[in-house]
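Asker: Below are the structure tokens for one structure; questions will follow.
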Amino acid sequence: MLLNADKVSRFPMCLLLAVLLLCCPLRGFTVDNETALRDEVLAGYRKDVRPSAVTEISLQMHVTAINSVDVRNEIFSMSGWWSMVWKDSRLSWTKYTIPVVQFKEDKIWSPVLVVSNSIADLSAIDEDSIPLRVDSSGTVLWNPPALLQVSCSMDVTYFPFDVQTCSIEVTSFGYTIQELDVKVYSDGLSFRYYQPSGEWDIQETSSSRLEFSEDGYKYARVTFNIKLKRKPLYYGVNMILPIVVNSALTLFVFILPPESGEKIGFCLTILLAFMVILTLVATDLPTTATSTPLLEIYIAIVLVLGGLSVILAIIVLHIFFLPEHKPIPHGVKQVCLFLSRACWISRVDMVHRKVNPSPTGSTSVSTSDVHANHPEEDESEKPPRLTRRQTTLKLRNIQNEIPQKSEMDVTWQMVATVIDGVCLRIYAVFLVISTIVILVMLAA
């Protein structure tokens, strides 16, 4: 009896629920339901009328790739898409349980936003093929794609270890800040779908909003900043390394003997190599004079030193091949001996060409010089064969005695040798110091 009574008490509630389901059916997605929803929402809708007195647009940029950073032309290019969110209460509904409806851009109102620092296209952000998603509360979400090319002021002082900061400026055109306000949505820049670049690393990002006046009206502007750091490995191997190697080759101009006949050709080859490197570097640098790369200054310095080495090589060759009978001024002799001592230039190296130059340009010690330095020794008194140790000792004695007896017997060949030695040491010190300073400044 109790069970039957409980069933009887539940019967009115079930009957009421069945009546409600029959009279007010759930209106989920069907073609007819969405068609009816669109007709009701768009009835009397004017797309040229903004949704409210002050419509707020929340803006975000989704970055997918950095296409290029054209330092020479100062152009920054990237790909991605926008996310724009605003509220349009005219598009809300409660009668249907359809959560989201897509509308074409030509059906409902959309903001007029322009990338004001674009160099490719200054038209408003627009894409007819991308629908606008509207939910039941009237919140509109629009994701138009973006392929941007914007102007970016480049600082190439520390190229190729440079860091560049480029900005994307989005401005509300046509609507003042009292009519339409643009704000940053979330973090401003999203890198969720970003594909890393092979040349640049993203160090940090930021976004900001500012107001500016134009013709007495105030407008809103949102700026997205991206700080990029160049990956220097490619330029280190293909640019810095050849420059340093070529600068080191300049030193060998003063090591190459004058009698070899290759001094001038070697100088000009190095000079030509630097001109080629300077041309290659110049193709990657901007043509503006706002900043000068330290690397380019270093190349210019080495280029000047290379040109100066050609002049010095000509002077050395001219002095080296002066006739022996031409007298050498006493002051030149004193300076030559002083520089040889100050620069640790061996006197044996200075006189080695004067001892006994052979017709082929090689040098050797003659038998007459041996007798001149050792008159007490007669050819008949020498043993038929000398051991290797005895020969070495005798040659060392001859070399030690030549500077002592010929200290003031300076020749033009000795003067040329001293000039080569002094230039070698000056160039070596200057190039080492300048190379270390430039590399430390670039890397720091």
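Numbering starts fresh at 1 for the residues of each chain in the structure tokens, the chains themselves are lettered A, B, ... in the order given, and ligands are numbered from 1 as they appear.
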When DSSP works through the backbone of this structure, what residues of range 15-227 of chain A end up as strand (DSSP E), shown as a short mmCIF file (atom, residue, chain, number, x, y, z; two decimals) with N, CA, C and O atoms, in the first residue's frame?

Answerer:
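This went into selection.cif:
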data_model
loop_
_atom_site.label_atom_id
_atom_site.label_comp_id
_atom_site.auth_asym_id
_atom_site.auth_seq_id
_atom_site.Cartn_x
_atom_site.Cartn_y
_atom_site.Cartn_z
N THR A 55 33.18 51.56 -27.42
CA THR A 55 33.43 50.14 -27.67
C THR A 55 34.89 49.82 -27.39
O THR A 55 35.79 50.47 -27.94
N GLU A 56 35.10 48.86 -26.53
CA GLU A 56 36.46 48.46 -26.17
C GLU A 56 36.87 47.23 -26.98
O GLU A 56 36.15 46.22 -26.99
N ILE A 57 38.03 47.32 -27.64
CA ILE A 57 38.58 46.23 -28.44
C ILE A 57 39.81 45.70 -27.73
O ILE A 57 40.76 46.44 -27.47
N SER A 58 39.81 44.42 -27.41
CA SER A 58 40.99 43.76 -26.82
C SER A 58 41.75 43.08 -27.95
O SER A 58 41.18 42.30 -28.71
N LEU A 59 43.06 43.36 -28.04
CA LEU A 59 43.86 42.93 -29.18
C LEU A 59 45.05 42.09 -28.73
O LEU A 59 45.74 42.43 -27.77
N GLN A 60 45.28 40.99 -29.44
CA GLN A 60 46.42 40.12 -29.19
C GLN A 60 46.99 39.65 -30.52
O GLN A 60 46.25 39.46 -31.48
N MET A 61 48.33 39.44 -30.56
CA MET A 61 49.00 38.97 -31.76
C MET A 61 49.60 37.61 -31.50
O MET A 61 50.37 37.42 -30.56
N HIS A 62 49.25 36.62 -32.33
CA HIS A 62 49.82 35.28 -32.26
C HIS A 62 50.92 35.18 -33.33
O HIS A 62 50.63 35.21 -34.52
N VAL A 63 52.16 35.07 -32.90
CA VAL A 63 53.30 35.03 -33.81
C VAL A 63 53.59 33.58 -34.18
O VAL A 63 53.74 32.72 -33.30
N THR A 64 53.69 33.31 -35.47
CA THR A 64 54.02 31.96 -35.95
C THR A 64 55.44 31.85 -36.49
O THR A 64 56.07 30.80 -36.38
N ALA A 65 55.97 32.94 -37.06
CA ALA A 65 57.32 32.88 -37.64
C ALA A 65 57.85 34.28 -37.84
O ALA A 65 57.09 35.23 -38.08
N ILE A 66 59.17 34.41 -37.72
CA ILE A 66 59.88 35.63 -38.10
C ILE A 66 60.45 35.39 -39.49
O ILE A 66 61.36 34.58 -39.66
N ASN A 67 59.91 36.06 -40.47
CA ASN A 67 60.30 35.81 -41.85
C ASN A 67 61.68 36.37 -42.17
O ASN A 67 62.52 35.68 -42.74
N SER A 68 61.93 37.61 -41.80
CA SER A 68 63.23 38.22 -42.09
C SER A 68 63.40 39.47 -41.25
O SER A 68 62.43 40.11 -40.84
N VAL A 69 64.68 39.79 -41.03
CA VAL A 69 65.07 41.06 -40.42
C VAL A 69 66.07 41.68 -41.40
O VAL A 69 67.26 41.40 -41.37
N ASP A 70 65.55 42.50 -42.29
CA ASP A 70 66.36 43.11 -43.34
C ASP A 70 67.07 44.33 -42.76
O ASP A 70 66.49 45.43 -42.68
N ILE A 75 63.78 46.66 -42.47
CA ILE A 75 62.43 46.10 -42.58
C ILE A 75 62.35 44.84 -41.73
O ILE A 75 63.22 43.97 -41.80
N PHE A 76 61.30 44.76 -40.93
CA PHE A 76 61.04 43.59 -40.10
C PHE A 76 59.78 42.91 -40.61
O PHE A 76 58.73 43.54 -40.77
N SER A 77 59.88 41.60 -40.89
CA SER A 77 58.76 40.85 -41.45
C SER A 77 58.44 39.66 -40.57
O SER A 77 59.35 38.94 -40.13
N MET A 78 57.15 39.44 -40.32
CA MET A 78 56.72 38.31 -39.50
C MET A 78 55.33 37.85 -39.93
O MET A 78 54.60 38.56 -40.63
N SER A 79 54.99 36.64 -39.51
CA SER A 79 53.70 36.03 -39.84
C SER A 79 52.97 35.65 -38.55
O SER A 79 53.59 35.37 -37.53
N GLY A 80 51.63 35.62 -38.64
CA GLY A 80 50.81 35.23 -37.49
C GLY A 80 49.36 35.54 -37.75
O GLY A 80 48.90 35.58 -38.89
N TRP A 81 48.63 35.75 -36.67
CA TRP A 81 47.23 36.17 -36.81
C TRP A 81 46.83 36.98 -35.58
O TRP A 81 47.43 36.89 -34.52
N TRP A 82 45.79 37.79 -35.78
CA TRP A 82 45.28 38.64 -34.71
C TRP A 82 44.15 37.94 -33.95
O TRP A 82 43.45 37.09 -34.51
N SER A 83 43.99 38.34 -32.72
CA SER A 83 42.81 37.98 -31.94
C SER A 83 42.17 39.27 -31.43
O SER A 83 42.77 40.00 -30.64
N MET A 84 40.96 39.55 -31.95
CA MET A 84 40.22 40.74 -31.54
C MET A 84 38.95 40.30 -30.82
O MET A 84 38.20 39.46 -31.32
N VAL A 85 38.72 40.90 -29.67
CA VAL A 85 37.55 40.56 -28.86
C VAL A 85 36.83 41.85 -28.47
O VAL A 85 37.47 42.80 -28.02
N TRP A 86 35.53 41.88 -28.68
CA TRP A 86 34.70 43.00 -28.23
C TRP A 86 33.30 42.50 -27.93
O TRP A 86 32.96 41.36 -28.25
N LYS A 87 32.48 43.36 -27.33
CA LYS A 87 31.12 42.97 -26.91
C LYS A 87 30.10 43.74 -27.75
O LYS A 87 30.17 44.95 -27.88
N VAL A 100 27.48 29.02 -30.20
CA VAL A 100 28.27 29.94 -31.03
C VAL A 100 27.71 29.95 -32.44
O VAL A 100 27.31 28.91 -32.98
N VAL A 101 27.73 31.15 -33.04
CA VAL A 101 27.31 31.31 -34.42
C VAL A 101 28.38 32.13 -35.14
O VAL A 101 28.89 33.12 -34.59
N GLN A 102 28.74 31.72 -36.35
CA GLN A 102 29.73 32.45 -37.15
C GLN A 102 29.02 33.38 -38.13
O GLN A 102 28.07 32.96 -38.81
N PHE A 103 29.50 34.61 -38.19
CA PHE A 103 28.96 35.60 -39.12
C PHE A 103 30.08 36.08 -40.04
O PHE A 103 31.24 36.21 -39.63
N LEU A 113 41.01 48.95 -37.67
CA LEU A 113 42.34 49.05 -37.07
C LEU A 113 43.39 48.94 -38.17
O LEU A 113 43.26 48.13 -39.09
N VAL A 114 44.45 49.73 -38.04
CA VAL A 114 45.49 49.80 -39.05
C VAL A 114 46.85 49.64 -38.40
O VAL A 114 47.10 50.21 -37.32
N VAL A 115 47.74 48.85 -39.03
CA VAL A 115 49.15 48.78 -38.60
C VAL A 115 49.83 50.02 -39.17
O VAL A 115 50.18 50.08 -40.35
N LEU A 132 33.51 35.72 -38.14
CA LEU A 132 33.55 36.22 -36.78
C LEU A 132 32.69 35.31 -35.91
O LEU A 132 31.53 35.03 -36.22
N ARG A 133 33.24 34.85 -34.79
CA ARG A 133 32.53 33.95 -33.89
C ARG A 133 31.82 34.77 -32.81
O ARG A 133 32.44 35.58 -32.13
N VAL A 134 30.53 34.51 -32.67
CA VAL A 134 29.71 35.24 -31.71
C VAL A 134 29.06 34.22 -30.79
O VAL A 134 28.42 33.26 -31.26
N ASP A 135 29.21 34.41 -29.46
CA ASP A 135 28.55 33.50 -28.52
C ASP A 135 27.24 34.11 -28.04
O ASP A 135 26.86 35.22 -28.44
N THR A 139 29.56 38.27 -27.18
CA THR A 139 31.01 38.47 -27.28
C THR A 139 31.48 38.01 -28.65
O THR A 139 31.21 36.88 -29.06
N VAL A 140 32.19 38.88 -29.34
CA VAL A 140 32.64 38.61 -30.70
C VAL A 140 34.15 38.34 -30.68
O VAL A 140 34.93 39.09 -30.08
N LEU A 141 34.56 37.26 -31.36
CA LEU A 141 35.98 36.90 -31.50
C LEU A 141 36.30 36.81 -32.98
O LEU A 141 35.64 36.09 -33.73
N TRP A 142 37.36 37.55 -33.37
CA TRP A 142 37.77 37.57 -34.78
C TRP A 142 39.27 37.31 -34.87
O TRP A 142 40.06 37.93 -34.16
N PRO A 145 44.19 36.70 -40.33
CA PRO A 145 45.63 36.42 -40.47
C PRO A 145 46.42 37.70 -40.69
O PRO A 145 45.87 38.74 -41.09
N ALA A 146 47.73 37.61 -40.43
CA ALA A 146 48.59 38.79 -40.56
C ALA A 146 49.93 38.38 -41.17
O ALA A 146 50.60 37.48 -40.65
N LEU A 147 50.30 39.02 -42.26
CA LEU A 147 51.63 38.90 -42.87
C LEU A 147 52.19 40.32 -42.91
O LEU A 147 51.88 41.09 -43.81
N LEU A 148 53.01 40.66 -41.91
CA LEU A 148 53.39 42.04 -41.67
C LEU A 148 54.79 42.34 -42.15
O LEU A 148 55.71 41.53 -42.01
N GLN A 149 54.95 43.53 -42.70
CA GLN A 149 56.24 44.13 -43.02
C GLN A 149 56.24 45.54 -42.48
O GLN A 149 55.53 46.40 -43.00
N VAL A 150 57.01 45.77 -41.43
CA VAL A 150 57.00 47.07 -40.77
C VAL A 150 58.40 47.66 -40.80
O VAL A 150 59.41 46.94 -40.90
N SER A 151 58.46 48.97 -40.72
CA SER A 151 59.75 49.65 -40.65
C SER A 151 60.31 49.52 -39.24
O SER A 151 59.58 49.55 -38.25
N VAL A 163 71.70 43.38 -31.29
CA VAL A 163 70.37 43.14 -30.74
C VAL A 163 69.44 44.20 -31.31
O VAL A 163 69.75 45.40 -31.22
N GLN A 164 68.33 43.79 -31.89
CA GLN A 164 67.40 44.71 -32.53
C GLN A 164 66.04 44.65 -31.82
O GLN A 164 65.60 43.57 -31.40
N THR A 165 65.41 45.79 -31.69
CA THR A 165 64.08 45.88 -31.10
C THR A 165 63.14 46.47 -32.14
O THR A 165 63.32 47.63 -32.57
N CYS A 166 62.16 45.68 -32.55
CA CYS A 166 61.20 46.11 -33.57
C CYS A 166 59.81 46.18 -32.96
O CYS A 166 59.49 45.41 -32.03
N SER A 167 58.99 47.07 -33.48
CA SER A 167 57.66 47.31 -32.93
C SER A 167 56.60 47.18 -34.00
O SER A 167 56.85 47.48 -35.18
N ILE A 168 55.41 46.76 -33.57
CA ILE A 168 54.22 46.71 -34.42
C ILE A 168 53.19 47.64 -33.79
O ILE A 168 52.74 47.40 -32.66
N GLU A 169 52.84 48.69 -34.49
CA GLU A 169 51.93 49.70 -33.96
C GLU A 169 50.56 49.56 -34.61
O GLU A 169 50.45 49.62 -35.84
N VAL A 170 49.54 49.37 -33.79
CA VAL A 170 48.16 49.23 -34.27
C VAL A 170 47.37 50.43 -33.77
O VAL A 170 47.32 50.69 -32.55
N THR A 171 46.75 51.15 -34.70
CA THR A 171 46.06 52.39 -34.37
C THR A 171 44.61 52.32 -34.82
O THR A 171 44.29 51.71 -35.84
N SER A 172 43.74 52.93 -34.05
CA SER A 172 42.33 53.03 -34.40
C SER A 172 42.15 54.23 -35.32
O SER A 172 42.37 55.38 -34.92
N LEU A 180 35.93 54.55 -29.69
CA LEU A 180 36.50 53.20 -29.74
C LEU A 180 37.85 53.22 -29.02
O LEU A 180 38.71 54.06 -29.33
N ASP A 181 38.01 52.32 -28.10
CA ASP A 181 39.24 52.24 -27.32
C ASP A 181 39.90 50.88 -27.56
O ASP A 181 39.22 49.83 -27.49
N VAL A 182 41.20 50.89 -27.83
CA VAL A 182 41.95 49.66 -28.10
C VAL A 182 42.81 49.35 -26.88
O VAL A 182 43.54 50.21 -26.39
N LYS A 183 42.75 48.11 -26.44
CA LYS A 183 43.53 47.67 -25.29
C LYS A 183 44.25 46.37 -25.62
O LYS A 183 43.93 45.68 -26.60
N VAL A 184 45.22 46.04 -24.78
CA VAL A 184 46.01 44.82 -24.97
C VAL A 184 45.28 43.66 -24.30
O VAL A 184 44.87 43.75 -23.13
N TYR A 185 45.15 42.59 -25.04
CA TYR A 185 44.50 41.39 -24.51
C TYR A 185 45.56 40.39 -24.04
O TYR A 185 46.52 40.10 -24.76
N SER A 186 45.40 39.89 -22.83
CA SER A 186 46.31 38.91 -22.24
C SER A 186 47.74 39.48 -22.22
O SER A 186 47.95 40.60 -21.77
N ASP A 187 48.72 38.74 -22.73
CA ASP A 187 50.12 39.21 -22.74
C ASP A 187 50.47 40.04 -23.96
O ASP A 187 51.62 40.45 -24.11
N GLY A 188 49.53 40.23 -24.84
CA GLY A 188 49.81 41.01 -26.03
C GLY A 188 50.36 40.17 -27.17
O GLY A 188 49.79 40.12 -28.25
N LEU A 189 51.49 39.49 -26.94
CA LEU A 189 52.12 38.63 -27.93
C LEU A 189 52.11 37.19 -27.44
O LEU A 189 52.53 36.91 -26.32
N SER A 190 51.66 36.31 -28.30
CA SER A 190 51.62 34.89 -27.96
C SER A 190 52.53 34.13 -28.92
O SER A 190 52.50 34.35 -30.13
N TRP A 200 67.71 34.35 -35.67
CA TRP A 200 67.42 35.27 -34.57
C TRP A 200 66.79 34.53 -33.40
O TRP A 200 66.01 33.61 -33.59
N ASP A 201 67.16 34.98 -32.20
CA ASP A 201 66.55 34.51 -30.96
C ASP A 201 65.70 35.64 -30.38
O ASP A 201 66.11 36.81 -30.40
N ILE A 202 64.53 35.29 -29.86
CA ILE A 202 63.67 36.28 -29.21
C ILE A 202 64.08 36.38 -27.75
O ILE A 202 63.94 35.42 -26.98
N GLN A 203 64.58 37.55 -27.34
CA GLN A 203 65.03 37.74 -25.97
C GLN A 203 63.88 38.11 -25.04
O GLN A 203 63.74 37.54 -23.97
N GLU A 204 63.08 39.07 -25.45
CA GLU A 204 61.95 39.47 -24.62
C GLU A 204 60.92 40.20 -25.47
O GLU A 204 61.21 40.67 -26.58
N THR A 205 59.71 40.27 -24.93
CA THR A 205 58.61 40.96 -25.61
C THR A 205 57.89 41.85 -24.61
O THR A 205 57.93 41.61 -23.39
N SER A 206 57.20 42.84 -25.12
CA SER A 206 56.42 43.73 -24.28
C SER A 206 55.34 44.38 -25.14
O SER A 206 55.39 44.35 -26.37
N SER A 207 54.35 44.93 -24.47
CA SER A 207 53.27 45.63 -25.17
C SER A 207 52.85 46.82 -24.32
O SER A 207 52.98 46.81 -23.09
N SER A 208 52.35 47.83 -25.01
CA SER A 208 51.96 49.05 -24.31
C SER A 208 50.82 49.72 -25.06
O SER A 208 50.58 49.44 -26.24
N ARG A 209 50.14 50.60 -24.36
CA ARG A 209 49.05 51.37 -24.95
C ARG A 209 49.30 52.85 -24.68
O ARG A 209 49.73 53.24 -23.59
N LEU A 210 49.06 53.67 -25.68
CA LEU A 210 49.23 55.10 -25.51
C LEU A 210 48.13 55.84 -26.26
O LEU A 210 47.44 55.28 -27.11
N GLU A 211 48.00 57.10 -25.91
CA GLU A 211 47.03 57.97 -26.56
C GLU A 211 47.77 59.10 -27.25
O GLU A 211 48.74 59.63 -26.71
N PHE A 212 47.34 59.46 -28.44
CA PHE A 212 47.97 60.56 -29.18
C PHE A 212 46.87 61.41 -29.80
O PHE A 212 45.74 60.96 -30.01
N SER A 213 47.23 62.64 -30.08
CA SER A 213 46.27 63.61 -30.62
C SER A 213 46.58 63.89 -32.08
O SER A 213 47.74 63.95 -32.49
N GLU A 214 45.55 64.04 -32.86
CA GLU A 214 45.67 64.36 -34.28
C GLU A 214 44.48 65.23 -34.67
O GLU A 214 43.31 64.81 -34.55
N TYR A 217 41.76 65.63 -32.07
CA TYR A 217 41.08 64.43 -31.58
C TYR A 217 42.10 63.46 -31.00
O TYR A 217 43.24 63.38 -31.46
N LYS A 218 41.66 62.71 -30.01
CA LYS A 218 42.52 61.72 -29.39
C LYS A 218 42.22 60.33 -29.93
O LYS A 218 41.05 59.97 -30.12
N TYR A 219 43.29 59.58 -30.17
CA TYR A 219 43.17 58.22 -30.68
C TYR A 219 44.00 57.28 -29.79
O TYR A 219 44.93 57.71 -29.10
N ALA A 220 43.62 56.02 -29.86
CA ALA A 220 44.33 55.00 -29.07
C ALA A 220 45.27 54.21 -29.97
O ALA A 220 44.96 53.97 -31.14
N ARG A 221 46.41 53.82 -29.42
CA ARG A 221 47.40 53.03 -30.17
C ARG A 221 47.99 51.97 -29.26
O ARG A 221 48.33 52.24 -28.11
N VAL A 222 48.09 50.76 -29.80
CA VAL A 222 48.70 49.65 -29.08
C VAL A 222 50.00 49.28 -29.79
O VAL A 222 50.03 49.14 -31.02
N THR A 223 51.07 49.12 -29.02
CA THR A 223 52.38 48.81 -29.57
C THR A 223 52.88 47.47 -29.01
O THR A 223 52.87 47.27 -27.80
N PHE A 224 53.30 46.58 -29.92
CA PHE A 224 53.90 45.30 -29.54
C PHE A 224 55.40 45.35 -29.86
O PHE A 224 55.77 45.59 -31.02
N ASN A 225 56.23 45.14 -28.87
CA ASN A 225 57.68 45.22 -29.03
C ASN A 225 58.30 43.82 -28.95
O ASN A 225 57.96 43.04 -28.07
N ILE A 226 59.23 43.55 -29.88
CA ILE A 226 59.95 42.28 -29.91
C ILE A 226 61.45 42.58 -29.93
O ILE A 226 61.93 43.29 -30.83
N LYS A 227 62.16 42.06 -28.96
CA LYS A 227 63.61 42.24 -28.88
C LYS A 227 64.29 40.99 -29.41
O LYS A 227 64.09 39.89 -28.88
#

Asker: Would you kindly return, as a list in words, each protein, DNA or RNA residue with an atom no farther than 8 Å from any atom of range 232-249 of chain A, considering only C-alpha atoms and excluding same-chain residues fewer than 5 positions away?

Answerer: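 Result of the neighbour search: Pro160, Phe161, Ile270, Ala273, Phe274, Ile277, Val281, Ile299, Val302, Leu431 and Thr435 of chain A.
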
Asker: Using the selection just defined, write its residues with N, CA and C atoms as an mmCIF file, in the first residue's frame.

Answerer:
data_model
loop_
_atom_site.group_PDB
_atom_site.id
_atom_site.type_symbol
_atom_site.label_atom_id
_atom_site.label_comp_id
_atom_site.auth_asym_id
_atom_site.auth_seq_id
_atom_site.Cartn_x
_atom_site.Cartn_y
_atom_site.Cartn_z
ATOM 1 N N PRO A 160 78.266 41.422 -35.999
ATOM 2 C CA PRO A 160 77.064 40.570 -36.060
ATOM 3 C C PRO A 160 76.581 40.078 -34.690
ATOM 4 N N PHE A 161 76.968 40.756 -33.612
ATOM 5 C CA PHE A 161 76.476 40.421 -32.279
ATOM 6 C C PHE A 161 75.411 41.424 -31.853
ATOM 7 N N ILE A 270 96.746 40.672 -50.531
ATOM 8 C CA ILE A 270 96.069 40.869 -49.246
ATOM 9 C C ILE A 270 95.139 42.071 -49.318
ATOM 10 N N ALA A 273 92.037 41.120 -51.157
ATOM 11 C CA ALA A 273 91.179 40.262 -50.328
ATOM 12 C C ALA A 273 90.361 41.087 -49.343
ATOM 13 N N PHE A 274 90.985 42.111 -48.768
ATOM 14 C CA PHE A 274 90.244 42.965 -47.848
ATOM 15 C C PHE A 274 89.176 43.772 -48.566
ATOM 16 N N ILE A 277 86.239 41.406 -48.905
ATOM 17 C CA ILE A 277 85.549 41.206 -47.629
ATOM 18 C C ILE A 277 84.731 42.429 -47.263
ATOM 19 N N VAL A 281 80.679 42.563 -46.533
ATOM 20 C CA VAL A 281 80.111 43.090 -45.293
ATOM 21 C C VAL A 281 79.140 44.228 -45.581
ATOM 22 N N ILE A 299 87.783 46.664 -40.182
ATOM 23 C CA ILE A 299 88.191 46.334 -41.553
ATOM 24 C C ILE A 299 88.833 47.538 -42.229
ATOM 25 N N VAL A 302 92.396 47.899 -40.878
ATOM 26 C CA VAL A 302 93.291 46.896 -41.456
ATOM 27 C C VAL A 302 93.525 47.184 -42.939
ATOM 28 N N LEU A 431 97.902 45.050 -34.431
ATOM 29 C CA LEU A 431 96.840 44.157 -34.889
ATOM 30 C C LEU A 431 96.330 43.272 -33.769
ATOM 31 N N THR A 435 92.519 43.735 -32.586
ATOM 32 C CA THR A 435 91.639 42.573 -32.782
ATOM 33 C C THR A 435 90.994 42.144 -31.473
#

Asker: Go through A:Thr35, A:Thr283, A:Thr176, A:Thr157 one by one, measure the shortest atom-to-atom distance of each to Asn73 in chain A using only C-alpha atoms, and give the residue with the smallest value.

Answerer: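 Closest to Asn73 in chain A, using only C-alpha atoms: A:Thr283.
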
Asker: Give the answer as one residue: which of A:Val422, A:Ile328, A:Ile297, A:Leu322 has the shortest atom-to-atom distance to Ala342 in chain A, using only C-alpha atoms?

Answerer: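 Answer, going by the shortest atom-to-atom distance: A:Val422.
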
Asker: Which residue is closest to Asn117 in chain A? Choose from A:Asn143, A:Gln195, A:Ser291, A:Ser153 and count only C-alpha atoms.

Answerer: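 Comparing A:Asn143, A:Gln195, A:Ser291, A:Ser153 against Asn117 in chain A, the winner is A:Ser153.
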
Asker: Choose the residue, out of A:Pro144, A:Pro293, A:Pro51, A:Pro329, that has the smallest atom-to-atom separation from Glu127 in chain A; count only C-alpha atoms.

Answerer: A:Pro144

Asker: Please provide as a PyMOL selection string all residues within 12 Å of Ala282 in chain A, with the sequence filter that same-chain residues fewer than 4 positions apart are discarded (counting only C-alpha atoms).

Answerer: chain A and resi 71-72+156+159+239+275-278+286-288+292-293+295-297+299-300

Asker: Mind giving me the straight-line distance from CA of Val410 in chain A to CA of Lys263 in chain A in Å, one decimal?

Answerer: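 Distance between the two atoms: 23.0 Å.
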
Asker: Assign secondary structure with DSSP using the backbone only, and return the residues of range 253-332 of chain A in alpha helix (DSSP H) as number ranges by chain.

Answerer: A: 263-282, 294-320, 330-332

Asker: Could you work out how far CA of Val316 in chain A lies from CA of Ile426 in chain A, giving the answer in Å with one decimal?

Answerer: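 Those two atoms sit 15.6 Å apart.
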
Asker: With only C-alpha atoms counted and 12 Å as the cut-off, give the residues of range 168-256 of chain A in contact with range 415-420 of chain A, each with its shortest interatomic distance in Å and the pair that gives it, as a tab-separated table.

Answerer:
residue	atom	partner	partner_atom	distance
A:Leu251	CA	A:Asp420	CA	9.9
A:Phe252	CA	A:Asp420	CA	10.0
A:Val253	CA	A:Asp420	CA	8.5
A:Phe254	CA	A:Asp420	CA	4.9
A:Ile255	CA	A:Asp420	CA	7.1
A:Leu256	CA	A:Asp420	CA	9.0

Asker: Could you dump the residues just selected with N, CA and C atoms as a CSV table (one decimal), in the first residue's frame?

Answerer:
chain,number,residue,atom,x,y,z
A,251,LEU,N,101.2,40.6,-41.6
A,251,LEU,CA,102.5,40.6,-40.9
A,251,LEU,C,103.5,39.9,-41.8
A,252,PHE,N,103.1,39.0,-42.6
A,252,PHE,CA,104.1,38.2,-43.4
A,252,PHE,C,104.7,39.0,-44.5
A,253,VAL,N,104.1,40.2,-44.7
A,253,VAL,CA,104.7,41.1,-45.7
A,253,VAL,C,106.1,41.5,-45.3
A,254,PHE,N,106.3,41.7,-44.0
A,254,PHE,CA,107.6,42.1,-43.5
A,254,PHE,C,108.6,40.9,-43.2
A,255,ILE,N,108.0,39.7,-43.2
A,255,ILE,CA,108.9,38.5,-43.0
A,255,ILE,C,109.4,38.0,-44.4
A,256,LEU,N,108.7,38.3,-45.4
A,256,LEU,CA,109.1,37.8,-46.8
A,256,LEU,C,110.4,38.5,-47.2

Asker: Using only C-alpha atoms, which protein or nucleic acid residues come within 7 Å of range 304-309 of chain A? Drop anything in the same chain fewer than 3 positions from it, and give the result as a VMD selection string.

Answerer: chain A and resid 250 267 271 300 to 301 312 to 313

Asker: Got time to write the residues from that selection, all heavy atoms, as a short mmCIF file (atom, residue, chain, number, x, y, z; two decimals), in the first residue's frame?

Answerer:
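Saved file out.cif follows:
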data_model
loop_
_atom_site.label_atom_id
_atom_site.label_comp_id
_atom_site.auth_asym_id
_atom_site.auth_seq_id
_atom_site.Cartn_x
_atom_site.Cartn_y
_atom_site.Cartn_z
N THR A 250 98.93 40.11 -43.09
CA THR A 250 99.65 41.36 -43.35
C THR A 250 101.03 41.34 -42.71
O THR A 250 101.97 41.95 -43.23
CB THR A 250 98.83 42.54 -42.82
OG1 THR A 250 97.50 42.47 -43.33
CG2 THR A 250 99.44 43.86 -43.24
N CYS A 267 101.56 41.84 -51.01
CA CYS A 267 100.85 42.98 -50.43
C CYS A 267 99.55 43.27 -51.18
O CYS A 267 98.49 43.46 -50.57
CB CYS A 267 101.73 44.21 -50.44
SG CYS A 267 103.18 44.12 -49.38
N LEU A 271 95.60 43.14 -49.95
CA LEU A 271 94.77 44.33 -50.09
C LEU A 271 93.51 44.04 -50.89
O LEU A 271 92.41 44.49 -50.54
CB LEU A 271 95.59 45.43 -50.76
CG LEU A 271 95.07 46.86 -50.65
CD1 LEU A 271 95.02 47.30 -49.20
CD2 LEU A 271 95.95 47.80 -51.45
N ALA A 300 88.27 48.73 -41.99
CA ALA A 300 88.85 49.93 -42.59
C ALA A 300 90.26 50.19 -42.06
O ALA A 300 91.16 50.58 -42.83
CB ALA A 300 87.95 51.13 -42.31
N ILE A 301 90.47 49.95 -40.76
CA ILE A 301 91.81 50.15 -40.18
C ILE A 301 92.81 49.18 -40.79
O ILE A 301 93.92 49.55 -41.19
CB ILE A 301 91.75 49.98 -38.65
CG1 ILE A 301 90.95 51.13 -38.02
CG2 ILE A 301 93.16 49.93 -38.05
CD1 ILE A 301 90.72 50.98 -36.54
N LEU A 312 105.43 50.70 -47.63
CA LEU A 312 106.63 50.30 -46.89
C LEU A 312 107.42 49.24 -47.64
O LEU A 312 108.66 49.25 -47.62
CB LEU A 312 106.23 49.80 -45.50
CG LEU A 312 105.65 50.85 -44.55
CD1 LEU A 312 105.15 50.19 -43.27
CD2 LEU A 312 106.69 51.91 -44.23
N ALA A 313 106.71 48.31 -48.29
CA ALA A 313 107.41 47.27 -49.04
C ALA A 313 108.19 47.88 -50.21
O ALA A 313 109.32 47.46 -50.50
CB ALA A 313 106.40 46.24 -49.56
#

Asker: So what do you get for CA of Gly216 in chain A versus CA of Val49 in chain A, distance-wise?

Answerer: 23.2 Å
